[in-house]
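Since the structure comes first, as structure tokens, the remarks are kept for the end.
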Amino acid sequence: MKKRPFVAANWKMNMTAGETRAWFEAWASLAGTEEADVVVCPPYTALAEAARRAAGIAVHLGGQSLHWEDAGAYTGEISGPMLADAGCRYVIIGHSERRRYFGETDETVQKRIAAAVRSSLRPIVCIGETLAERDKGRTLDVIRLQLDGGLAGLEEETIGGLIFAYEPVWAIGTGRTATPEQAQEVHRAVRGRLAEKIGKAASGYVIILYGGSVKPANARELLRKPDIDGFLVGGASLEAASFGEIVKESIRAYKEVN
Ligand code: PGA
């Protein structure tokens with residue numbers, strides 16, 4: 001039995017409070033998205049507006065990152081308690097843009113996961129290889145290193161509650177999606193490595209998302225693969241209508257394979 005689809009929107013550095021209001025107004029007019037778990041990750045400045053709009057509807061909120069300390073002299077940073085207070089239940093950790101432009105490493109990923117869990121935020125942990133790594137045939141090694149580094153020292157119970165997002169760097173924002181077969185190969189390897197850490201049964205429950213140029217046109221074929229449980233969507237999530245289509249295509253695929 002495949003898991004209910006989990007579809008998260010990563011708005012990145014887009015969307016003012018006014019645009020957020022308009023997005024939720026458009027979302028409210030869509031039907032047929034109820035049979036999926038839907039999460040929206042706005043920029044911090046739009047969280048208050050998003051929390052007002054998401055109240056009472058089946059959309060949960062997530063942060064796009066968090067600091068590993070709960071408070072202190074870290075100018076420009078946001079902490080787990082702040083995200084929880086702003087209405088978040090989830091938080092993205094280790095997105096490849098954070099790794100590439102802001103110096104995040106597997107070690108800081110591990111510290112941020114621990115901080116998220118302290119604040120009862122469910123981490124969405126991002127992993128993925130670059131094009132150069134894929135071309136050298138190193139994809140599965142890179143994924144394994146990211147998993148081992150990011151999860152070092154974490155309790156089995158913590159690992160079992162994480163959500164993972166496999167996002168090949170070459171597919172993010174490029175319009176070039178991994179084929180369902182390429183994505184499934186990595187998703188299966190991720191689940192296999194998790195099985196070694198937390199056991200096969202527990203690894204079966206872990207939600208593993210795909211991210212990288214997901215659109216309404218490719219969501220269904222991807223979600224039909226056995227180890228793909230949902231999506232982390234960037235560009236196509238900025239319009240409520242296209243994000244809604246992705247959610248509906250995911251529900252359709254889920255029903256087809258169950
Ligand atoms: P994209 O971004 O859908 O625009 O490729 C995905 C992501 O970075 O999470």
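The way I read the labels, and the way they are meant: chains A, B, ... in the order of the structure tokens, residue 1 as the first residue of every chain, and ligand 1 as the first ligand shown, with later ones counted on from there.
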
What parts of segment 12-254 of chain A does DSSP call alpha helix (DSSP H)? I'd like the answer as a tab-separated table (two decimals) with N, CA and C atoms, in the first residue's frame.
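The result, written out as part31.tsv:
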chain	number	residue	atom	x	y	z
A	17	ALA	N	3.58	39.50	1.56
A	17	ALA	CA	2.37	39.16	2.32
A	17	ALA	C	1.13	39.30	1.43
A	18	GLY	N	1.10	40.35	0.61
A	18	GLY	CA	-0.05	40.56	-0.29
A	18	GLY	C	-0.18	39.44	-1.31
A	19	GLU	N	0.96	39.01	-1.85
A	19	GLU	CA	0.92	37.90	-2.82
A	19	GLU	C	0.50	36.59	-2.14
A	20	THR	N	0.89	36.48	-0.89
A	20	THR	CA	0.51	35.29	-0.12
A	20	THR	C	-1.01	35.26	0.08
A	21	ARG	N	-1.56	36.42	0.39
A	21	ARG	CA	-3.02	36.50	0.56
A	21	ARG	C	-3.72	36.08	-0.74
A	22	ALA	N	-3.24	36.61	-1.86
A	22	ALA	CA	-3.85	36.28	-3.16
A	22	ALA	C	-3.71	34.79	-3.47
A	23	TRP	N	-2.56	34.21	-3.12
A	23	TRP	CA	-2.33	32.77	-3.36
A	23	TRP	C	-3.38	31.96	-2.60
A	24	PHE	N	-3.57	32.30	-1.32
A	24	PHE	CA	-4.52	31.52	-0.51
A	24	PHE	C	-5.96	31.74	-0.97
A	25	GLU	N	-6.24	32.93	-1.47
A	25	GLU	CA	-7.59	33.16	-2.01
A	25	GLU	C	-7.82	32.27	-3.23
A	26	ALA	N	-6.81	32.19	-4.09
A	26	ALA	CA	-6.93	31.32	-5.27
A	26	ALA	C	-7.01	29.85	-4.85
A	27	TRP	N	-6.22	29.47	-3.85
A	27	TRP	CA	-6.22	28.08	-3.38
A	27	TRP	C	-7.60	27.68	-2.86
A	28	ALA	N	-8.25	28.62	-2.15
A	28	ALA	CA	-9.56	28.34	-1.55
A	28	ALA	C	-10.61	28.02	-2.60
A	47	LEU	N	4.96	34.56	6.79
A	47	LEU	CA	4.41	33.48	7.62
A	47	LEU	C	3.16	33.90	8.37
A	48	ALA	N	3.14	35.13	8.87
A	48	ALA	CA	1.98	35.57	9.66
A	48	ALA	C	0.73	35.58	8.77
A	49	GLU	N	0.88	36.13	7.57
A	49	GLU	CA	-0.26	36.16	6.65
A	49	GLU	C	-0.67	34.74	6.27
A	50	ALA	N	0.32	33.90	5.98
A	50	ALA	CA	0.02	32.50	5.62
A	50	ALA	C	-0.69	31.79	6.76
A	51	ALA	N	-0.26	32.04	8.00
A	51	ALA	CA	-0.89	31.37	9.15
A	51	ALA	C	-2.34	31.81	9.29
A	52	ARG	N	-2.61	33.08	9.06
A	52	ARG	CA	-4.01	33.55	9.11
A	52	ARG	C	-4.85	32.85	8.04
A	53	ARG	N	-4.29	32.75	6.84
A	53	ARG	CA	-5.04	32.18	5.70
A	53	ARG	C	-5.17	30.66	5.80
A	54	ALA	N	-4.17	30.00	6.40
A	54	ALA	CA	-4.20	28.53	6.45
A	54	ALA	C	-5.03	28.02	7.63
A	80	GLY	N	14.06	27.58	15.77
A	80	GLY	CA	12.95	26.63	15.83
A	80	GLY	C	11.78	27.15	16.65
A	81	PRO	N	12.03	27.65	17.88
A	81	PRO	CA	10.89	28.16	18.66
A	81	PRO	C	10.15	29.29	17.93
A	82	MET	N	10.88	30.11	17.16
A	82	MET	CA	10.22	31.20	16.42
A	82	MET	C	9.31	30.63	15.33
A	83	LEU	N	9.81	29.61	14.62
A	83	LEU	CA	8.99	29.01	13.55
A	83	LEU	C	7.74	28.34	14.14
A	84	ALA	N	7.94	27.64	15.25
A	84	ALA	CA	6.79	26.97	15.88
A	84	ALA	C	5.77	28.03	16.32
A	85	ASP	N	6.27	29.11	16.89
A	85	ASP	CA	5.40	30.19	17.36
A	85	ASP	C	4.65	30.84	16.19
A	96	SER	N	19.70	22.40	-1.33
A	96	SER	CA	20.98	22.54	-2.06
A	96	SER	C	21.35	24.02	-2.25
A	97	GLU	N	20.35	24.91	-2.31
A	97	GLU	CA	20.70	26.34	-2.42
A	97	GLU	C	21.34	26.84	-1.12
A	98	ARG	N	20.92	26.31	0.01
A	98	ARG	CA	21.54	26.66	1.29
A	98	ARG	C	22.95	26.07	1.35
A	99	ARG	N	23.11	24.87	0.84
A	99	ARG	CA	24.44	24.24	0.88
A	99	ARG	C	25.39	25.01	-0.03
A	100	ARG	N	24.87	25.42	-1.20
A	100	ARG	CA	25.74	26.01	-2.22
A	100	ARG	C	26.07	27.46	-1.94
A	101	TYR	N	25.07	28.25	-1.54
A	101	TYR	CA	25.29	29.70	-1.39
A	101	TYR	C	25.55	30.12	0.06
A	106	ASP	N	26.84	18.80	5.80
A	106	ASP	CA	26.12	17.70	6.44
A	106	ASP	C	26.12	17.87	7.96
A	107	GLU	N	27.20	18.46	8.49
A	107	GLU	CA	27.28	18.65	9.94
A	107	GLU	C	26.24	19.67	10.42
A	108	THR	N	26.09	20.77	9.66
A	108	THR	CA	25.08	21.76	10.11
A	108	THR	C	23.67	21.22	9.85
A	109	VAL	N	23.53	20.37	8.85
A	109	VAL	CA	22.23	19.72	8.62
A	109	VAL	C	21.85	18.91	9.87
A	110	GLN	N	22.82	18.15	10.36
A	110	GLN	CA	22.56	17.32	11.55
A	110	GLN	C	22.17	18.19	12.75
A	111	LYS	N	22.87	19.33	12.92
A	111	LYS	CA	22.56	20.20	14.07
A	111	LYS	C	21.19	20.85	13.91
A	112	ARG	N	20.85	21.19	12.68
A	112	ARG	CA	19.52	21.81	12.44
A	112	ARG	C	18.41	20.78	12.63
A	113	ILE	N	18.65	19.52	12.25
A	113	ILE	CA	17.63	18.49	12.48
A	113	ILE	C	17.35	18.39	13.98
A	114	ALA	N	18.43	18.34	14.77
A	114	ALA	CA	18.26	18.23	16.22
A	114	ALA	C	17.49	19.43	16.77
A	115	ALA	N	17.79	20.63	16.25
A	115	ALA	CA	17.08	21.83	16.71
A	115	ALA	C	15.61	21.78	16.33
A	116	ALA	N	15.32	21.33	15.14
A	116	ALA	CA	13.92	21.25	14.68
A	116	ALA	C	13.13	20.31	15.59
A	117	VAL	N	13.73	19.17	15.87
A	117	VAL	CA	13.03	18.18	16.69
A	117	VAL	C	12.77	18.73	18.10
A	118	ARG	N	13.73	19.49	18.65
A	118	ARG	CA	13.52	20.12	19.97
A	118	ARG	C	12.28	21.01	19.97
A	131	LEU	N	25.33	17.83	-11.25
A	131	LEU	CA	25.44	17.19	-12.57
A	131	LEU	C	26.82	16.53	-12.72
A	132	ALA	N	27.86	17.22	-12.25
A	132	ALA	CA	29.21	16.66	-12.37
A	132	ALA	C	29.29	15.33	-11.62
A	133	GLU	N	28.67	15.28	-10.44
A	133	GLU	CA	28.70	14.03	-9.66
A	133	GLU	C	27.93	12.92	-10.38
A	134	ARG	N	26.80	13.27	-10.96
A	134	ARG	CA	26.03	12.26	-11.71
A	134	ARG	C	26.83	11.76	-12.91
A	135	ASP	N	27.45	12.71	-13.64
A	135	ASP	CA	28.20	12.32	-14.83
A	135	ASP	C	29.37	11.39	-14.50
A	139	THR	N	26.44	9.37	-8.09
A	139	THR	CA	25.17	9.77	-7.46
A	139	THR	C	24.89	9.03	-6.15
A	140	LEU	N	24.91	7.71	-6.20
A	140	LEU	CA	24.50	6.96	-5.00
A	140	LEU	C	25.51	7.11	-3.87
A	141	ASP	N	26.79	7.29	-4.22
A	141	ASP	CA	27.80	7.54	-3.17
A	141	ASP	C	27.55	8.88	-2.49
A	142	VAL	N	27.25	9.90	-3.29
A	142	VAL	CA	27.02	11.24	-2.74
A	142	VAL	C	25.80	11.22	-1.80
A	143	ILE	N	24.75	10.55	-2.25
A	143	ILE	CA	23.52	10.47	-1.45
A	143	ILE	C	23.81	9.77	-0.12
A	144	ARG	N	24.59	8.70	-0.21
A	144	ARG	CA	24.92	7.94	1.00
A	144	ARG	C	25.74	8.79	1.98
A	145	LEU	N	26.70	9.55	1.44
A	145	LEU	CA	27.52	10.41	2.30
A	145	LEU	C	26.66	11.49	2.95
A	146	GLN	N	25.74	12.08	2.17
A	146	GLN	CA	24.87	13.12	2.73
A	146	GLN	C	23.98	12.54	3.83
A	147	LEU	N	23.46	11.35	3.59
A	147	LEU	CA	22.61	10.71	4.61
A	147	LEU	C	23.42	10.39	5.86
A	148	ASP	N	24.58	9.77	5.66
A	148	ASP	CA	25.37	9.36	6.83
A	148	ASP	C	25.83	10.57	7.62
A	149	GLY	N	26.25	11.63	6.92
A	149	GLY	CA	26.71	12.84	7.62
A	149	GLY	C	25.57	13.57	8.30
A	150	GLY	N	24.48	13.74	7.59
A	150	GLY	CA	23.36	14.51	8.13
A	150	GLY	C	22.65	13.81	9.28
A	156	GLU	N	17.35	6.56	16.43
A	156	GLU	CA	16.53	5.86	15.42
A	156	GLU	C	15.13	6.46	15.33
A	157	GLU	N	14.59	6.79	16.48
A	157	GLU	CA	13.22	7.33	16.51
A	157	GLU	C	13.17	8.67	15.76
A	158	THR	N	14.21	9.49	15.93
A	158	THR	CA	14.26	10.77	15.22
A	158	THR	C	14.35	10.53	13.72
A	159	ILE	N	15.23	9.62	13.33
A	159	ILE	CA	15.41	9.36	11.89
A	159	ILE	C	14.10	8.85	11.28
A	160	GLY	N	13.40	8.02	12.01
A	160	GLY	CA	12.15	7.46	11.51
A	160	GLY	C	11.07	8.51	11.28
A	180	PRO	N	11.29	9.32	-14.12
A	180	PRO	CA	10.77	8.53	-13.00
A	180	PRO	C	11.74	7.41	-12.62
A	181	GLU	N	12.42	6.83	-13.61
A	181	GLU	CA	13.35	5.73	-13.31
A	181	GLU	C	14.58	6.24	-12.55
A	182	GLN	N	15.11	7.40	-13.00
A	182	GLN	CA	16.28	7.96	-12.29
A	182	GLN	C	15.91	8.29	-10.85
A	183	ALA	N	14.74	8.90	-10.67
A	183	ALA	CA	14.32	9.28	-9.31
A	183	ALA	C	14.09	8.03	-8.47
A	184	GLN	N	13.39	7.05	-9.03
A	184	GLN	CA	13.09	5.83	-8.27
A	184	GLN	C	14.38	5.13	-7.83
A	185	GLU	N	15.38	5.11	-8.69
A	185	GLU	CA	16.65	4.44	-8.34
A	185	GLU	C	17.24	5.06	-7.07
A	186	VAL	N	17.22	6.40	-7.01
A	186	VAL	CA	17.80	7.06	-5.83
A	186	VAL	C	16.87	6.89	-4.62
A	187	HIS	N	15.58	7.03	-4.84
A	187	HIS	CA	14.65	6.87	-3.71
A	187	HIS	C	14.79	5.48	-3.08
A	188	ARG	N	14.95	4.47	-3.94
A	188	ARG	CA	15.10	3.12	-3.40
A	188	ARG	C	16.39	3.00	-2.59
A	189	ALA	N	17.44	3.66	-3.10
A	189	ALA	CA	18.72	3.62	-2.38
A	189	ALA	C	18.61	4.35	-1.03
A	190	VAL	N	17.88	5.46	-1.02
A	190	VAL	CA	17.70	6.21	0.24
A	190	VAL	C	16.97	5.32	1.24
A	191	ARG	N	15.90	4.69	0.79
A	191	ARG	CA	15.14	3.83	1.70
A	191	ARG	C	15.99	2.65	2.17
A	192	GLY	N	16.81	2.14	1.27
A	192	GLY	CA	17.68	1.02	1.63
A	192	GLY	C	18.68	1.43	2.71
A	193	ARG	N	19.26	2.63	2.57
A	193	ARG	CA	20.21	3.09	3.58
A	193	ARG	C	19.49	3.33	4.91
A	194	LEU	N	18.29	3.86	4.83
A	194	LEU	CA	17.50	4.08	6.06
A	194	LEU	C	17.18	2.74	6.72
A	195	ALA	N	16.89	1.73	5.91
A	195	ALA	CA	16.59	0.41	6.46
A	195	ALA	C	17.77	-0.11	7.28
A	196	GLU	N	19.00	0.19	6.79
A	196	GLU	CA	20.19	-0.25	7.54
A	196	GLU	C	20.29	0.48	8.88
A	197	LYS	N	19.77	1.69	8.94
A	197	LYS	CA	19.88	2.49	10.17
A	197	LYS	C	18.73	2.22	11.14
A	198	ILE	N	17.52	2.06	10.62
A	198	ILE	CA	16.36	2.00	11.53
A	198	ILE	C	15.51	0.74	11.33
A	200	LYS	N	14.00	-2.34	8.34
A	200	LYS	CA	13.25	-2.31	7.10
A	200	LYS	C	11.82	-1.83	7.31
A	201	ALA	N	11.18	-2.32	8.36
A	201	ALA	CA	9.77	-1.96	8.58
A	201	ALA	C	9.65	-0.45	8.76
A	202	ALA	N	10.48	0.12	9.64
A	202	ALA	CA	10.39	1.56	9.92
A	202	ALA	C	10.72	2.38	8.68
A	203	SER	N	11.68	1.90	7.89
A	203	SER	CA	12.09	2.66	6.70
A	203	SER	C	10.95	2.74	5.68
A	204	GLY	N	10.08	1.73	5.72
A	204	GLY	CA	8.95	1.72	4.80
A	204	GLY	C	7.96	2.85	5.06
A	205	TYR	N	7.93	3.34	6.29
A	205	TYR	CA	6.99	4.42	6.63
A	205	TYR	C	7.55	5.81	6.34
A	216	PRO	N	2.69	20.00	-13.24
A	216	PRO	CA	1.49	19.16	-13.38
A	216	PRO	C	1.71	18.03	-14.39
A	217	ALA	N	2.50	18.29	-15.43
A	217	ALA	CA	2.65	17.30	-16.51
A	217	ALA	C	3.54	16.10	-16.14
A	218	ASN	N	4.39	16.24	-15.12
A	218	ASN	CA	5.25	15.09	-14.82
A	218	ASN	C	5.00	14.46	-13.44
A	219	ALA	N	4.10	15.07	-12.66
A	219	ALA	CA	3.88	14.59	-11.28
A	219	ALA	C	3.34	13.16	-11.24
A	220	ARG	N	2.39	12.86	-12.11
A	220	ARG	CA	1.71	11.57	-12.02
A	220	ARG	C	2.69	10.40	-12.25
A	221	GLU	N	3.48	10.49	-13.31
A	221	GLU	CA	4.40	9.38	-13.62
A	221	GLU	C	5.44	9.18	-12.51
A	222	LEU	N	5.87	10.29	-11.93
A	222	LEU	CA	6.85	10.17	-10.83
A	222	LEU	C	6.20	9.50	-9.63
A	223	LEU	N	5.01	9.95	-9.27
A	223	LEU	CA	4.40	9.44	-8.04
A	223	LEU	C	3.96	7.98	-8.16
A	240	ALA	N	-1.12	29.17	-7.25
A	240	ALA	CA	-1.97	28.19	-6.55
A	240	ALA	C	-2.53	27.16	-7.53
A	241	ALA	N	-2.90	27.61	-8.75
A	241	ALA	CA	-3.54	26.70	-9.70
A	241	ALA	C	-2.59	25.58	-10.12
A	242	SER	N	-1.33	25.91	-10.45
A	242	SER	CA	-0.44	24.84	-10.91
A	242	SER	C	-0.04	23.94	-9.74
A	243	PHE	N	0.13	24.54	-8.55
A	243	PHE	CA	0.43	23.69	-7.38
A	243	PHE	C	-0.75	22.75	-7.11
A	244	GLY	N	-1.95	23.30	-7.21
A	244	GLY	CA	-3.15	22.47	-7.02
A	244	GLY	C	-3.22	21.33	-8.02
A	245	GLU	N	-2.81	21.59	-9.26
A	245	GLU	CA	-2.81	20.52	-10.27
A	245	GLU	C	-1.82	19.43	-9.91
A	246	ILE	N	-0.67	19.84	-9.39
A	246	ILE	CA	0.33	18.84	-8.97
A	246	ILE	C	-0.24	17.97	-7.85
A	247	VAL	N	-0.92	18.61	-6.90
A	247	VAL	CA	-1.53	17.84	-5.80
A	247	VAL	C	-2.57	16.88	-6.36
A	248	LYS	N	-3.38	17.35	-7.29
A	248	LYS	CA	-4.43	16.48	-7.84
A	248	LYS	C	-3.85	15.33	-8.67
A	249	GLU	N	-2.80	15.62	-9.43
A	249	GLU	CA	-2.14	14.54	-10.20
A	249	GLU	C	-1.53	13.50	-9.27
A	250	SER	N	-1.03	13.97	-8.13
A	250	SER	CA	-0.45	13.05	-7.14
A	250	SER	C	-1.53	12.14	-6.58
A	251	ILE	N	-2.68	12.72	-6.26
A	251	ILE	CA	-3.79	11.93	-5.71
A	251	ILE	C	-4.25	10.90	-6.76
A	252	ARG	N	-4.28	11.35	-8.02
A	252	ARG	CA	-4.70	10.45	-9.09
A	252	ARG	C	-3.74	9.26	-9.20
A	253	ALA	N	-2.44	9.55	-9.20
A	253	ALA	CA	-1.45	8.47	-9.30
A	253	ALA	C	-1.56	7.52	-8.11
A	254	TYR	N	-1.75	8.10	-6.94
A	254	TYR	CA	-1.87	7.30	-5.71
A	254	TYR	C	-3.04	6.32	-5.83

| request: Could I get the residue neighbourhood of ligand 1 at 6 Å, counting only C-alpha atoms and all ligand atoms, as a PyMOL selection string? | output: chain A and resi 10+171-173+211-214+232-236

Skipping near chain neighbours, those fewer than 4 positions away, what residues fall within 7 Å of Val125 of chain A using only C-alpha atoms, listed as a short mmCIF file (atom, residue, chain, number, x, y, z; two decimals) with N, CA and C atoms, in the first residue's frame?
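Writing the result to out-v2.cif gives the following:
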data_model
loop_
_atom_site.label_atom_id
_atom_site.label_comp_id
_atom_site.auth_asym_id
_atom_site.auth_seq_id
_atom_site.Cartn_x
_atom_site.Cartn_y
_atom_site.Cartn_z
N ILE A 92 12.20 22.95 6.18
CA ILE A 92 13.14 22.42 5.18
C ILE A 92 14.56 22.57 5.75
N ILE A 93 15.36 21.54 5.60
CA ILE A 93 16.74 21.60 6.10
C ILE A 93 17.71 21.12 5.01
N GLY A 94 18.78 21.89 4.83
CA GLY A 94 19.85 21.46 3.92
C GLY A 94 19.48 21.52 2.45
N ILE A 163 11.33 13.53 7.13
CA ILE A 163 10.90 13.47 5.73
C ILE A 163 12.14 13.79 4.91
N PHE A 164 12.36 13.08 3.82
CA PHE A 164 13.52 13.36 2.96
C PHE A 164 13.04 13.90 1.63
N ALA A 165 13.84 14.77 1.04
CA ALA A 165 13.54 15.25 -0.32
C ALA A 165 14.78 15.02 -1.16
#

| field | Per-residue DSSP, segment 9-255 of chain A, filtered to strand (DSSP E), as a VMD selection string | value | chain A and resid 9 to 10 37 to 41 59 to 63 88 to 93 122 to 127 163 to 166 207 to 211 230 to 233

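In this structure, atom CA of Leu121 of chain A sits 21.9 Å away from atom CA of Ala73 of chain A.
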
| task | Using only C-alpha atoms, find the one residue out of A:Val169, A:Thr45, A:Glu35, A:Ser120 that sits nearest to Ala58 of chain A. | result | A:Glu35

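The interatomic distance for the pair atom CA of Glu167 of chain A and atom CA of Leu30 of chain A works out to 27.4 Å.
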
| remark: What separates atom CA of Arg4 of chain A and atom CA of Ile228 of chain A is a distance of 10.7 Å

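With only C-alpha atoms as the atoms that count, the minimum distance from Ser65 of chain A to the choices A:Leu154, A:Ala36, A:Met15, A:Cys126 is reached by A:Cys126.
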